[in-house]
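Student: Right, I'll just put the structure down here and ask away after.
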Number of protein chains: 2
Amino acid sequence: MSKCEQCIISQFNSLKALTRDELMRISGCKTSKYIKKGELIFEEGETLNGVYCVKDGICKLSKLSANGKDQIVKLVLKGDLLGQRSLIGDESANLSATALSDMEVCFIPKTEIIGNLQKNSSFSMDVMKQMAKDLKESDNIIVDMAQKSVRQRLAETLLYIDTNFGRDDEGFLNVVLSREDYANIVGTATESAIRVLSQFKKEGLISTTGKQIKIKSKNGLLQME
Amino acid sequence: MSKCEQCIISQFNSLKALTRDELMRISGCKTSKYIKKGELIFEEGETLNGVYCVKDGICKLSKLSANGKDQIVKLVLKGDLLGQRSLIGDESANLSATALSDMEVCFIPKTEIIGNLQKNSSFSMDVMKQMAKDLKESDNIIVDMAQKSVRQRLAETLLYIDTNFGRDDEGFLNVVLSREDYANIVGTATESAIRVLSQFKKEGLISTTGKQIKIKSKNGLLQME
DNA sequence: TTTATAATATGATATTTGTCATGTTTTACG
DNA sequence: CGTAAAACATGACAAATATCATATTATAAA
């Protein structure tokens with residue numbers, strides 16, 4: 001099994017604030033997991049006994065709404081930590097995490113994380129910084145949800161994925177989502193998401209091959225009104 | 001000037017995790033401010049050099065959207081700390097804070113807060129817990145914004161204010177907002193907020209006297225569809 | 001490969017919400 | 001107290017979005 005103190009991923013998240021010794025301790029009690037596309041990592045309401053460090057792959061965090069729709073709140077990238085908040089808040093998970101691609105994650109037990117938060121102040125400062133960033137992002141999403149049209153939100157989602165998850169060799173977005181997923185990010189009906197994406201295609205803003213999407217005009221998406 | 005170590009408010013927020021000595025230090029460098037209803041405490045983009053501890057009164061945190069509307073993201077109560085996130089994230093304020101009633105706040109300089117975060121791990125645990133709670137709340141708001149109707153969101157807003165801010169002797173909500181404020185919380189046009197409140201009145205769910213609102217049927221608001 | 005199932009696509013229509021216009025009421029202030 | 005400005009209210013209509021129906025296409029399993 002790979003060692004945390006040698007793992008490049010730990011440099012991308014709050015774990016980078018830990019000492020070599022602390023990382024070695026974690027290495028000794030972590031477990032690796034492989035999760036297949038579509039599988040659930042944890043579910044809303046579940047009690048989490050640790051955090052997941054995403055070593056490879058992509059997943060979505062979502063919450064079931066009263067009307068039966070599964071609103072996607074955040075997309076999670078290689079390097080991110082999952083489940084921090086529930087652990088810190090000492091509550092069951094508020095969101096479900098589902099793999100959008102095959103994933104490799106490491107599970108780090110709660111006691112290790114909490115222990116380090118109490119002992120290592122630069123680790124906790126880093127965790128707080130991450131949370132502050134998340135809060136800012138959430139506030140911005142709330143404003144967008146409240147004030148922008150479906151067209152604008154979908155354009156922003158495409159741009160967000162482009163800048164944060166990148167493109168493959170052929171120029172397709174690295175994240176491949178169903179139309180339903182797009183609808184559940186934007187907060188609209190699946191048919192509406194399909195329609196808007198079709199319009200974007202007609203307007204030459206994107207091109208598609210099956211589920212794969214290629215951005216043709218970043219500017220056009222940016223200037224969406 | 002009142003002393004932090006004797007101030008009851010400090011028991012309602014993260015400051016309760018500080019020692020008597022730490023509170024006395026803060027007491028020595030804090031400044032008190034009185035802010036009138038409608039006045040700005042700080043503005044989006046401004047650099048904050050400390051946090052505000054709300055001793056009395058109520059304020060709103062809002063963000064200007066591209067379409068000129070001022071989306072309200074959060075209502076802040078006596079006891080809350082303002083500006084934590086910007087301080088921790090080391091960024092300018094993402095939101096503006098405006099007094100909704102006459103307020104009394106204490107300004108605590110940045111160095112004190114950061115110093116205590118580094119020295120006192122139970123203080124930073126408490127701050128993290130608060131942030132985890134805020135994040136959970138934000139996620140829930142995103143889901144509501146995306147999936148619920150204006151009627152439902154307005155009903156929820158009224159219930160939220162009722163449970164978190166309470167009622168006065170006559171049964172009116174303690175927070176008095178304009179119809180425009182309600183619209184900016186819910187993320188709708190002012191006319192729509194007015195119309196929905198009128199409907200609620202006709203349906204016997206609420207009664208109003210000027211800007212004051214009295215909840216008549218909590219159940220009716222809860223079961224809104 | 002075939003076949004069942006899910007995903008995508010699109011039209012028709014209903015519903016929700018926004019916008020504009022206009023009038024009334026309340027509030028602030030000289 | 002009177003008056004201007006702001007807030008509230010409501011109708012008429014437009015625009016955005018949801019819903020339902022029905023094809024078509026892609027995908028996965030036998």
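Labeling convention for the structure tokens: chains A, B, ... as they appear, residues from 1 per chain, ligands from 1 in order of appearance.
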Where does chain B end up after superposition onto chain A over all in-order Cα pairs? Give it as an mmCIF file with C-alpha atoms, in the first residue's frame.
Tutor:
data_model
loop_
_atom_site.group_PDB
_atom_site.id
_atom_site.type_symbol
_atom_site.label_atom_id
_atom_site.label_comp_id
_atom_site.auth_asym_id
_atom_site.auth_seq_id
_atom_site.Cartn_x
_atom_site.Cartn_y
_atom_site.Cartn_z
ATOM 1 C CA MET B 1 -0.009 0.001 0.001
ATOM 2 C CA SER B 2 1.255 3.489 -0.838
ATOM 3 C CA LYS B 3 2.542 5.724 1.914
ATOM 4 C CA CYS B 4 0.941 9.076 2.752
ATOM 5 C CA GLU B 5 4.286 10.752 3.385
ATOM 6 C CA GLN B 6 5.271 9.935 -0.177
ATOM 7 C CA CYS B 7 1.887 10.562 -1.743
ATOM 8 C CA ILE B 8 1.797 13.578 -3.999
ATOM 9 C CA ILE B 9 -1.937 14.040 -3.396
ATOM 10 C CA SER B 10 -1.345 15.081 0.209
ATOM 11 C CA GLN B 11 0.374 18.185 -1.151
ATOM 12 C CA PHE B 12 -2.847 19.330 -2.807
ATOM 13 C CA ASN B 13 -4.983 19.545 0.320
ATOM 14 C CA SER B 14 -4.846 20.451 3.997
ATOM 15 C CA LEU B 15 -2.761 17.368 4.751
ATOM 16 C CA LYS B 16 0.257 19.276 3.418
ATOM 17 C CA ALA B 17 0.309 21.132 6.750
ATOM 18 C CA LEU B 18 1.052 17.907 8.606
ATOM 19 C CA THR B 19 4.560 16.880 9.615
ATOM 20 C CA ARG B 20 6.296 13.863 8.168
ATOM 21 C CA ASP B 21 5.680 11.986 11.410
ATOM 22 C CA GLU B 22 1.997 12.815 11.426
ATOM 23 C CA LEU B 23 1.664 11.640 7.829
ATOM 24 C CA MET B 24 3.422 8.403 8.689
ATOM 25 C CA ARG B 25 0.997 7.809 11.523
ATOM 26 C CA ILE B 26 -1.910 8.309 9.139
ATOM 27 C CA SER B 27 -0.259 6.026 6.656
ATOM 28 C CA GLY B 28 -0.351 3.303 9.273
ATOM 29 C CA CYS B 29 -4.084 3.419 9.865
ATOM 30 C CA LYS B 30 -5.567 4.499 6.548
ATOM 31 C CA THR B 31 -7.266 2.122 4.140
ATOM 32 C CA SER B 32 -7.421 2.344 0.359
ATOM 33 C CA LYS B 33 -10.640 1.857 -1.564
ATOM 34 C CA TYR B 34 -11.475 1.555 -5.231
ATOM 35 C CA ILE B 35 -14.893 2.818 -6.174
ATOM 36 C CA LYS B 36 -16.549 2.260 -9.521
ATOM 37 C CA LYS B 37 -18.336 4.913 -11.539
ATOM 38 C CA GLY B 38 -21.870 5.360 -10.264
ATOM 39 C CA GLU B 39 -21.229 3.837 -6.850
ATOM 40 C CA LEU B 40 -22.101 5.611 -3.633
ATOM 41 C CA ILE B 41 -19.226 6.588 -1.326
ATOM 42 C CA PHE B 42 -21.473 7.707 1.484
ATOM 43 C CA GLU B 43 -25.061 8.757 1.826
ATOM 44 C CA GLU B 44 -26.942 11.653 3.355
ATOM 45 C CA GLY B 45 -27.687 10.855 6.991
ATOM 46 C CA GLU B 46 -24.884 8.325 7.312
ATOM 47 C CA THR B 47 -22.454 8.648 10.212
ATOM 48 C CA LEU B 48 -18.909 9.109 8.961
ATOM 49 C CA ASN B 49 -16.032 7.767 10.996
ATOM 50 C CA GLY B 50 -13.348 9.520 9.028
ATOM 51 C CA VAL B 51 -12.558 11.467 5.901
ATOM 52 C CA TYR B 52 -11.895 10.305 2.352
ATOM 53 C CA CYS B 53 -8.883 11.665 0.540
ATOM 54 C CA VAL B 54 -9.566 11.515 -3.197
ATOM 55 C CA LYS B 55 -6.519 10.056 -4.870
ATOM 56 C CA ASP B 56 -7.990 9.713 -8.318
ATOM 57 C CA GLY B 57 -11.294 10.321 -10.069
ATOM 58 C CA ILE B 58 -14.221 12.667 -9.710
ATOM 59 C CA CYS B 59 -17.402 12.590 -7.645
ATOM 60 C CA LYS B 60 -20.506 14.633 -6.960
ATOM 61 C CA LEU B 61 -21.949 15.781 -3.637
ATOM 62 C CA SER B 62 -25.725 15.927 -3.745
ATOM 63 C CA LYS B 63 -28.781 16.223 -1.566
ATOM 64 C CA LEU B 64 -32.231 14.824 -2.104
ATOM 65 C CA SER B 65 -34.885 17.501 -2.252
ATOM 66 C CA ALA B 66 -38.512 17.170 -1.162
ATOM 67 C CA ASN B 67 -39.648 16.969 -4.795
ATOM 68 C CA GLY B 68 -37.508 13.907 -5.427
ATOM 69 C CA LYS B 69 -34.708 15.628 -7.336
ATOM 70 C CA ASP B 70 -31.127 15.065 -6.360
ATOM 71 C CA GLN B 71 -29.553 18.517 -6.300
ATOM 72 C CA ILE B 72 -25.815 18.478 -6.963
ATOM 73 C CA VAL B 73 -24.099 20.929 -4.634
ATOM 74 C CA LYS B 74 -20.457 20.422 -5.517
ATOM 75 C CA LEU B 75 -18.151 18.490 -7.811
ATOM 76 C CA VAL B 76 -15.119 17.012 -6.122
ATOM 77 C CA LEU B 77 -11.727 16.652 -7.690
ATOM 78 C CA LYS B 78 -8.634 14.578 -7.185
ATOM 79 C CA GLY B 79 -6.896 15.978 -4.094
ATOM 80 C CA ASP B 80 -10.002 17.050 -2.199
ATOM 81 C CA LEU B 81 -10.986 15.731 1.204
ATOM 82 C CA LEU B 82 -14.518 14.381 1.635
ATOM 83 C CA GLY B 83 -16.482 14.380 4.858
ATOM 84 C CA GLN B 84 -14.450 16.953 6.788
ATOM 85 C CA ARG B 85 -17.460 19.030 7.702
ATOM 86 C CA SER B 86 -19.540 16.226 9.139
ATOM 87 C CA LEU B 87 -16.548 15.147 11.161
ATOM 88 C CA ILE B 88 -15.864 18.623 12.518
ATOM 89 C CA GLY B 89 -19.513 19.434 13.079
ATOM 90 C CA ASP B 90 -19.923 16.046 14.731
ATOM 91 C CA GLU B 91 -23.005 15.371 12.678
ATOM 92 C CA SER B 92 -24.198 12.832 10.147
ATOM 93 C CA ALA B 93 -23.441 13.592 6.495
ATOM 94 C CA ASN B 94 -25.627 16.310 5.022
ATOM 95 C CA LEU B 95 -24.843 15.260 1.456
ATOM 96 C CA SER B 96 -24.392 12.061 -0.509
ATOM 97 C CA ALA B 97 -21.174 11.400 -2.432
ATOM 98 C CA THR B 98 -21.381 9.459 -5.698
ATOM 99 C CA ALA B 99 -18.514 8.558 -8.018
ATOM 100 C CA LEU B 100 -18.736 10.111 -11.495
ATOM 101 C CA SER B 101 -15.751 8.108 -12.700
ATOM 102 C CA ASP B 102 -13.792 5.186 -11.342
ATOM 103 C CA MET B 103 -12.129 6.430 -8.196
ATOM 104 C CA GLU B 104 -9.363 5.660 -5.802
ATOM 105 C CA VAL B 105 -9.754 7.065 -2.290
ATOM 106 C CA CYS B 106 -8.010 6.680 1.047
ATOM 107 C CA PHE B 107 -10.057 6.506 4.197
ATOM 108 C CA ILE B 108 -8.488 8.220 7.225
ATOM 109 C CA PRO B 109 -10.084 7.488 10.610
ATOM 110 C CA LYS B 110 -11.748 10.276 12.554
ATOM 111 C CA THR B 111 -9.438 10.049 15.569
ATOM 112 C CA GLU B 112 -6.388 10.836 13.461
ATOM 113 C CA ILE B 113 -7.937 13.934 11.925
ATOM 114 C CA ILE B 114 -9.369 15.279 15.174
ATOM 115 C CA GLY B 115 -6.099 14.577 16.971
ATOM 116 C CA ASN B 116 -4.120 16.508 14.405
ATOM 117 C CA LEU B 117 -6.603 19.386 14.471
ATOM 118 C CA GLN B 118 -5.981 19.702 18.194
ATOM 119 C CA LYS B 119 -2.224 19.344 18.081
ATOM 120 C CA ASN B 120 -1.168 20.995 14.858
ATOM 121 C CA SER B 121 -2.390 24.582 14.527
ATOM 122 C CA SER B 122 -1.091 25.045 11.009
ATOM 123 C CA PHE B 123 -3.166 22.031 9.963
ATOM 124 C CA SER B 124 -6.290 23.517 11.513
ATOM 125 C CA MET B 125 -5.522 26.917 9.955
ATOM 126 C CA ASP B 126 -5.343 25.179 6.619
ATOM 127 C CA VAL B 127 -8.625 23.356 7.165
ATOM 128 C CA MET B 128 -10.242 26.636 8.167
ATOM 129 C CA LYS B 129 -8.900 28.315 5.049
ATOM 130 C CA GLN B 130 -10.405 25.579 2.917
ATOM 131 C CA MET B 131 -13.727 25.949 4.689
ATOM 132 C CA ALA B 132 -13.626 29.734 4.255
ATOM 133 C CA LYS B 133 -13.081 29.177 0.546
ATOM 134 C CA ASP B 134 -15.953 26.700 0.386
ATOM 135 C CA LEU B 135 -18.223 29.143 2.189
ATOM 136 C CA LYS B 136 -17.370 31.882 -0.255
ATOM 137 C CA GLU B 137 -18.108 29.572 -3.148
ATOM 138 C CA SER B 138 -21.419 28.524 -1.596
ATOM 139 C CA ASP B 139 -22.466 32.136 -1.158
ATOM 140 C CA ASN B 140 -21.684 32.820 -4.775
ATOM 141 C CA ILE B 141 -23.724 29.818 -5.882
ATOM 142 C CA ILE B 142 -26.676 31.029 -3.818
ATOM 143 C CA VAL B 143 -26.511 34.402 -5.568
ATOM 144 C CA ASP B 144 -26.321 32.738 -8.978
ATOM 145 C CA MET B 145 -29.210 30.395 -8.236
ATOM 146 C CA ALA B 146 -31.318 33.291 -7.091
ATOM 147 C CA GLN B 147 -30.506 35.804 -9.790
ATOM 148 C CA LYS B 148 -29.422 34.084 -12.977
ATOM 149 C CA SER B 149 -31.317 32.270 -15.698
ATOM 150 C CA VAL B 150 -30.980 28.598 -16.524
ATOM 151 C CA ARG B 151 -28.995 29.536 -19.629
ATOM 152 C CA GLN B 152 -26.547 31.584 -17.590
ATOM 153 C CA ARG B 153 -26.163 28.951 -14.906
ATOM 154 C CA LEU B 154 -25.549 26.216 -17.441
ATOM 155 C CA ALA B 155 -22.981 28.346 -19.239
ATOM 156 C CA GLU B 156 -21.243 28.994 -15.934
ATOM 157 C CA THR B 157 -21.274 25.304 -15.079
ATOM 158 C CA LEU B 158 -19.545 24.464 -18.346
ATOM 159 C CA LEU B 159 -16.933 27.149 -17.745
ATOM 160 C CA TYR B 160 -16.463 25.996 -14.156
ATOM 161 C CA ILE B 161 -15.808 22.444 -15.272
ATOM 162 C CA ASP B 162 -13.484 23.660 -17.999
ATOM 163 C CA THR B 163 -11.297 25.696 -15.661
ATOM 164 C CA ASN B 164 -11.329 23.298 -12.712
ATOM 165 C CA PHE B 165 -11.258 19.898 -14.377
ATOM 166 C CA GLY B 166 -9.689 20.687 -17.716
ATOM 167 C CA ARG B 167 -9.918 19.086 -21.154
ATOM 168 C CA ASP B 168 -8.560 15.907 -22.682
ATOM 169 C CA ASP B 169 -6.294 15.618 -25.743
ATOM 170 C CA GLU B 170 -9.158 16.113 -28.146
ATOM 171 C CA GLY B 171 -10.486 19.160 -26.314
ATOM 172 C CA PHE B 172 -13.430 17.472 -24.602
ATOM 173 C CA LEU B 173 -14.222 18.374 -21.008
ATOM 174 C CA ASN B 174 -12.563 15.937 -18.640
ATOM 175 C CA VAL B 175 -15.761 15.528 -16.660
ATOM 176 C CA VAL B 176 -18.439 13.567 -18.497
ATOM 177 C CA LEU B 177 -21.892 14.189 -17.100
ATOM 178 C CA SER B 178 -25.351 13.070 -18.174
ATOM 179 C CA ARG B 179 -27.880 15.724 -19.145
ATOM 180 C CA GLU B 180 -29.682 14.827 -15.943
ATOM 181 C CA ASP B 181 -26.541 15.623 -13.933
ATOM 182 C CA TYR B 182 -26.295 18.998 -15.636
ATOM 183 C CA ALA B 183 -29.937 19.634 -14.785
ATOM 184 C CA ASN B 184 -29.263 18.706 -11.168
ATOM 185 C CA ILE B 185 -26.312 21.056 -10.917
ATOM 186 C CA VAL B 186 -28.184 23.958 -12.467
ATOM 187 C CA GLY B 187 -31.418 23.196 -10.637
ATOM 188 C CA THR B 188 -33.737 22.753 -13.583
ATOM 189 C CA ALA B 189 -35.749 20.054 -15.342
ATOM 190 C CA THR B 190 -33.766 17.500 -17.340
ATOM 191 C CA GLU B 191 -35.651 18.496 -20.499
ATOM 192 C CA SER B 192 -34.695 22.122 -19.960
ATOM 193 C CA ALA B 193 -31.013 21.249 -19.605
ATOM 194 C CA ILE B 194 -31.210 19.187 -22.797
ATOM 195 C CA ARG B 195 -32.921 22.027 -24.644
ATOM 196 C CA VAL B 196 -30.418 24.654 -23.511
ATOM 197 C CA LEU B 197 -27.454 22.452 -24.445
ATOM 198 C CA SER B 198 -29.029 21.945 -27.873
ATOM 199 C CA GLN B 199 -29.372 25.701 -28.231
ATOM 200 C CA PHE B 200 -25.738 26.199 -27.229
ATOM 201 C CA LYS B 201 -24.849 23.727 -29.952
ATOM 202 C CA LYS B 202 -26.927 25.552 -32.557
ATOM 203 C CA GLU B 203 -25.365 28.830 -31.491
ATOM 204 C CA GLY B 204 -21.901 27.359 -31.986
ATOM 205 C CA LEU B 205 -20.912 27.760 -28.348
ATOM 206 C CA ILE B 206 -20.250 24.068 -27.828
ATOM 207 C CA SER B 207 -20.084 20.863 -29.828
ATOM 208 C CA THR B 208 -20.968 17.421 -28.585
ATOM 209 C CA THR B 209 -20.186 13.792 -29.338
ATOM 210 C CA GLY B 210 -22.477 11.657 -27.267
ATOM 211 C CA LYS B 211 -22.069 12.769 -23.700
ATOM 212 C CA GLN B 212 -18.777 14.451 -24.390
ATOM 213 C CA ILE B 213 -18.820 18.232 -24.643
ATOM 214 C CA LYS B 214 -16.298 20.535 -26.265
ATOM 215 C CA ILE B 215 -16.339 24.261 -25.576
ATOM 216 C CA LYS B 216 -16.114 26.235 -28.824
ATOM 217 C CA SER B 217 -16.582 29.765 -27.574
ATOM 218 C CA LYS B 218 -15.508 30.560 -24.044
ATOM 219 C CA ASN B 219 -16.379 34.193 -24.658
ATOM 220 C CA GLY B 220 -19.849 33.356 -25.850
ATOM 221 C CA LEU B 221 -20.489 31.394 -22.673
ATOM 222 C CA LEU B 222 -18.976 34.142 -20.530
ATOM 223 C CA GLN B 223 -21.153 36.813 -22.083
ATOM 224 C CA MET B 224 -24.365 34.818 -21.807
ATOM 225 C CA GLU B 225 -27.431 36.921 -20.963
#
Student: Using DSSP assignments from the backbone, pull out every residue in region 3-140 of chain A that falls under helix (DSSP H, G or I) and give it to me as a ChimeraX atom specification.
Tutor: /A:4-6,8-11,14-17,20-29,84-89,110-119,121-140
Student: Save the residues we just selected, C-alpha atoms, as an mmCIF file, in the first residue's frame?
Tutor:
data_model
loop_
_atom_site.group_PDB
_atom_site.id
_atom_site.type_symbol
_atom_site.label_atom_id
_atom_site.label_comp_id
_atom_site.auth_asym_id
_atom_site.auth_seq_id
_atom_site.Cartn_x
_atom_site.Cartn_y
_atom_site.Cartn_z
ATOM 1 C CA CYS A 4 0.957 9.078 2.759
ATOM 2 C CA GLU A 5 4.280 10.751 3.391
ATOM 3 C CA GLN A 6 5.277 9.932 -0.179
ATOM 4 C CA ILE A 8 1.800 13.585 -4.004
ATOM 5 C CA ILE A 9 -1.944 14.053 -3.396
ATOM 6 C CA SER A 10 -1.337 15.081 0.212
ATOM 7 C CA GLN A 11 0.385 18.185 -1.149
ATOM 8 C CA SER A 14 -4.854 20.458 3.987
ATOM 9 C CA LEU A 15 -2.751 17.375 4.735
ATOM 10 C CA LYS A 16 0.245 19.285 3.434
ATOM 11 C CA ALA A 17 0.298 21.142 6.752
ATOM 12 C CA ARG A 20 6.292 13.856 8.155
ATOM 13 C CA ASP A 21 5.686 11.971 11.406
ATOM 14 C CA GLU A 22 2.007 12.815 11.424
ATOM 15 C CA LEU A 23 1.661 11.649 7.829
ATOM 16 C CA MET A 24 3.420 8.392 8.684
ATOM 17 C CA ARG A 25 0.972 7.799 11.522
ATOM 18 C CA ILE A 26 -1.918 8.316 9.137
ATOM 19 C CA SER A 27 -0.273 6.033 6.650
ATOM 20 C CA GLY A 28 -0.350 3.293 9.263
ATOM 21 C CA CYS A 29 -4.084 3.430 9.856
ATOM 22 C CA GLN A 84 -14.440 16.952 6.783
ATOM 23 C CA ARG A 85 -17.460 19.022 7.686
ATOM 24 C CA SER A 86 -19.527 16.219 9.114
ATOM 25 C CA LEU A 87 -16.539 15.152 11.151
ATOM 26 C CA ILE A 88 -15.861 18.618 12.501
ATOM 27 C CA GLY A 89 -19.509 19.421 13.052
ATOM 28 C CA LYS A 110 -11.753 10.271 12.539
ATOM 29 C CA THR A 111 -9.445 10.046 15.566
ATOM 30 C CA GLU A 112 -6.394 10.838 13.459
ATOM 31 C CA ILE A 113 -7.949 13.926 11.924
ATOM 32 C CA ILE A 114 -9.371 15.266 15.168
ATOM 33 C CA GLY A 115 -6.094 14.564 16.964
ATOM 34 C CA ASN A 116 -4.120 16.497 14.409
ATOM 35 C CA LEU A 117 -6.611 19.382 14.466
ATOM 36 C CA GLN A 118 -6.001 19.681 18.204
ATOM 37 C CA LYS A 119 -2.224 19.334 18.084
ATOM 38 C CA SER A 121 -2.412 24.569 14.550
ATOM 39 C CA SER A 122 -1.103 25.051 11.034
ATOM 40 C CA PHE A 123 -3.179 22.041 9.982
ATOM 41 C CA SER A 124 -6.300 23.514 11.525
ATOM 42 C CA MET A 125 -5.555 26.921 9.987
ATOM 43 C CA ASP A 126 -5.361 25.208 6.635
ATOM 44 C CA VAL A 127 -8.631 23.365 7.180
ATOM 45 C CA MET A 128 -10.262 26.648 8.188
ATOM 46 C CA LYS A 129 -8.920 28.343 5.077
ATOM 47 C CA GLN A 130 -10.409 25.609 2.933
ATOM 48 C CA MET A 131 -13.737 25.977 4.710
ATOM 49 C CA ALA A 132 -13.652 29.757 4.273
ATOM 50 C CA LYS A 133 -13.095 29.221 0.569
ATOM 51 C CA ASP A 134 -15.964 26.734 0.408
ATOM 52 C CA LEU A 135 -18.250 29.167 2.208
ATOM 53 C CA LYS A 136 -17.416 31.917 -0.231
ATOM 54 C CA GLU A 137 -18.123 29.610 -3.122
ATOM 55 C CA SER A 138 -21.436 28.544 -1.584
ATOM 56 C CA ASP A 139 -22.503 32.159 -1.124
ATOM 57 C CA ASN A 140 -21.718 32.855 -4.745
#
Student: Ranking C:DT22, C:DT27, C:DT17, C:DT3 by minimum distance to DA14 (chain D) and counting only C-alpha atoms (C1' of nucleotides), which one comes first?
Tutor: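 Ranked by minimum distance to DA14 (chain D), first place goes to C:DT17.
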Student: Here is a test: counting only C-alpha atoms (C1' of nucleotides), which residue of D:DA7, D:DA26, D:DG2, D:DA12 is nearest to chain A?
Tutor: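 Nearest candidate to chain A out of D:DA7, D:DA26, D:DG2, D:DA12: D:DA26.
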Student: What are the residues of chain D lining chain B at 10 Å or less? Count only C-alpha atoms (C1' of nucleotides), and put the answer as a list of chain:residue names.
Tutor: D:DA7, D:DC8, D:DA9, D:DT10
Student: Give me every strand (DSSP E) residue in region 41-79 of chain B, going by DSSP on the backbone, as a PDB file with N, CA and C atoms, in the first residue's frame.
Tutor:
ATOM      1  N   ILE B  41     -22.094  48.248   7.586  1.00  0.00           N
ATOM      2  CA  ILE B  41     -21.022  47.912   8.535  1.00  0.00           C
ATOM      3  C   ILE B  41     -19.728  47.680   7.767  1.00  0.00           C
ATOM      4  N   PHE B  42     -19.823  46.874   6.726  1.00  0.00           N
ATOM      5  CA  PHE B  42     -18.720  46.801   5.767  1.00  0.00           C
ATOM      6  C   PHE B  42     -19.282  46.394   4.417  1.00  0.00           C
ATOM      7  N   GLY B  50     -10.354  42.926  11.117  1.00  0.00           N
ATOM      8  CA  GLY B  50     -10.807  42.307  12.356  1.00  0.00           C
ATOM      9  C   GLY B  50     -12.201  41.751  12.183  1.00  0.00           C
ATOM     10  N   VAL B  51     -12.764  41.277  13.290  1.00  0.00           N
ATOM     11  CA  VAL B  51     -14.134  40.772  13.233  1.00  0.00           C
ATOM     12  C   VAL B  51     -15.043  41.647  14.101  1.00  0.00           C
ATOM     13  N   TYR B  52     -16.329  41.621  13.776  1.00  0.00           N
ATOM     14  CA  TYR B  52     -17.320  42.340  14.564  1.00  0.00           C
ATOM     15  C   TYR B  52     -18.100  41.323  15.387  1.00  0.00           C
ATOM     16  N   CYS B  53     -18.188  41.569  16.658  1.00  0.00           N
ATOM     17  CA  CYS B  53     -19.017  40.745  17.528  1.00  0.00           C
ATOM     18  C   CYS B  53     -20.318  41.500  17.755  1.00  0.00           C
ATOM     19  N   VAL B  54     -21.428  40.912  17.334  1.00  0.00           N
ATOM     20  CA  VAL B  54     -22.715  41.617  17.402  1.00  0.00           C
ATOM     21  C   VAL B  54     -23.285  41.537  18.809  1.00  0.00           C
ATOM     22  N   LYS B  55     -23.304  42.669  19.471  1.00  0.00           N
ATOM     23  CA  LYS B  55     -23.759  42.725  20.850  1.00  0.00           C
ATOM     24  C   LYS B  55     -25.271  42.920  20.925  1.00  0.00           C
ATOM     25  N   ASP B  56     -25.776  43.701  19.996  1.00  0.00           N
ATOM     26  CA  ASP B  56     -27.224  43.886  19.948  1.00  0.00           C
ATOM     27  C   ASP B  56     -27.659  44.289  18.549  1.00  0.00           C
ATOM     28  N   CYS B  59     -28.535  42.240  11.481  1.00  0.00           N
ATOM     29  CA  CYS B  59     -28.097  42.762  10.185  1.00  0.00           C
ATOM     30  C   CYS B  59     -28.195  41.713   9.096  1.00  0.00           C
ATOM     31  N   LYS B  60     -28.068  42.170   7.865  1.00  0.00           N
ATOM     32  CA  LYS B  60     -28.131  41.258   6.719  1.00  0.00           C
ATOM     33  C   LYS B  60     -26.783  41.220   6.025  1.00  0.00           C
ATOM     34  N   LEU B  61     -26.438  40.049   5.497  1.00  0.00           N
ATOM     35  CA  LEU B  61     -25.247  39.886   4.661  1.00  0.00           C
ATOM     36  C   LEU B  61     -25.736  39.693   3.237  1.00  0.00           C
ATOM     37  N   SER B  62     -25.268  40.545   2.328  1.00  0.00           N
ATOM     38  CA  SER B  62     -25.783  40.473   0.965  1.00  0.00           C
ATOM     39  C   SER B  62     -24.681  40.660  -0.060  1.00  0.00           C
ATOM     40  N   LYS B  63     -24.999  40.289  -1.285  1.00  0.00           N
ATOM     41  CA  LYS B  63     -24.034  40.413  -2.368  1.00  0.00           C
ATOM     42  C   LYS B  63     -24.730  40.937  -3.610  1.00  0.00           C
ATOM     43  N   LEU B  64     -24.118  41.913  -4.225  1.00  0.00           N
ATOM     44  CA  LEU B  64     -24.675  42.504  -5.429  1.00  0.00           C
ATOM     45  C   LEU B  64     -24.526  41.532  -6.591  1.00  0.00           C
ATOM     46  N   ASP B  70     -29.622  42.960  -4.960  1.00  0.00           N
ATOM     47  CA  ASP B  70     -28.760  42.744  -3.804  1.00  0.00           C
ATOM     48  C   ASP B  70     -29.228  41.488  -3.064  1.00  0.00           C
ATOM     49  N   GLN B  71     -28.705  40.349  -3.443  1.00  0.00           N
ATOM     50  CA  GLN B  71     -29.162  39.093  -2.852  1.00  0.00           C
ATOM     51  C   GLN B  71     -28.738  38.963  -1.396  1.00  0.00           C
ATOM     52  N   ILE B  72     -29.719  38.737  -0.523  1.00  0.00           N
ATOM     53  CA  ILE B  72     -29.403  38.532   0.895  1.00  0.00           C
ATOM     54  C   ILE B  72     -29.050  37.068   1.118  1.00  0.00           C
ATOM     55  N   VAL B  73     -27.884  36.821   1.689  1.00  0.00           N
ATOM     56  CA  VAL B  73     -27.389  35.462   1.840  1.00  0.00           C
ATOM     57  C   VAL B  73     -27.643  34.940   3.252  1.00  0.00           C
ATOM     58  N   LYS B  74     -27.654  35.856   4.219  1.00  0.00           N
ATOM     59  CA  LYS B  74     -27.771  35.409   5.601  1.00  0.00           C
ATOM     60  C   LYS B  74     -28.249  36.551   6.480  1.00  0.00           C
ATOM     61  N   LEU B  75     -29.039  36.228   7.477  1.00  0.00           N
ATOM     62  CA  LEU B  75     -29.414  37.213   8.492  1.00  0.00           C
ATOM     63  C   LEU B  75     -28.582  36.933   9.732  1.00  0.00           C
ATOM     64  N   VAL B  76     -28.083  37.978  10.342  1.00  0.00           N
ATOM     65  CA  VAL B  76     -27.170  37.804  11.466  1.00  0.00           C
ATOM     66  C   VAL B  76     -27.784  38.355  12.744  1.00  0.00           C
TER      67      VAL B  76
END
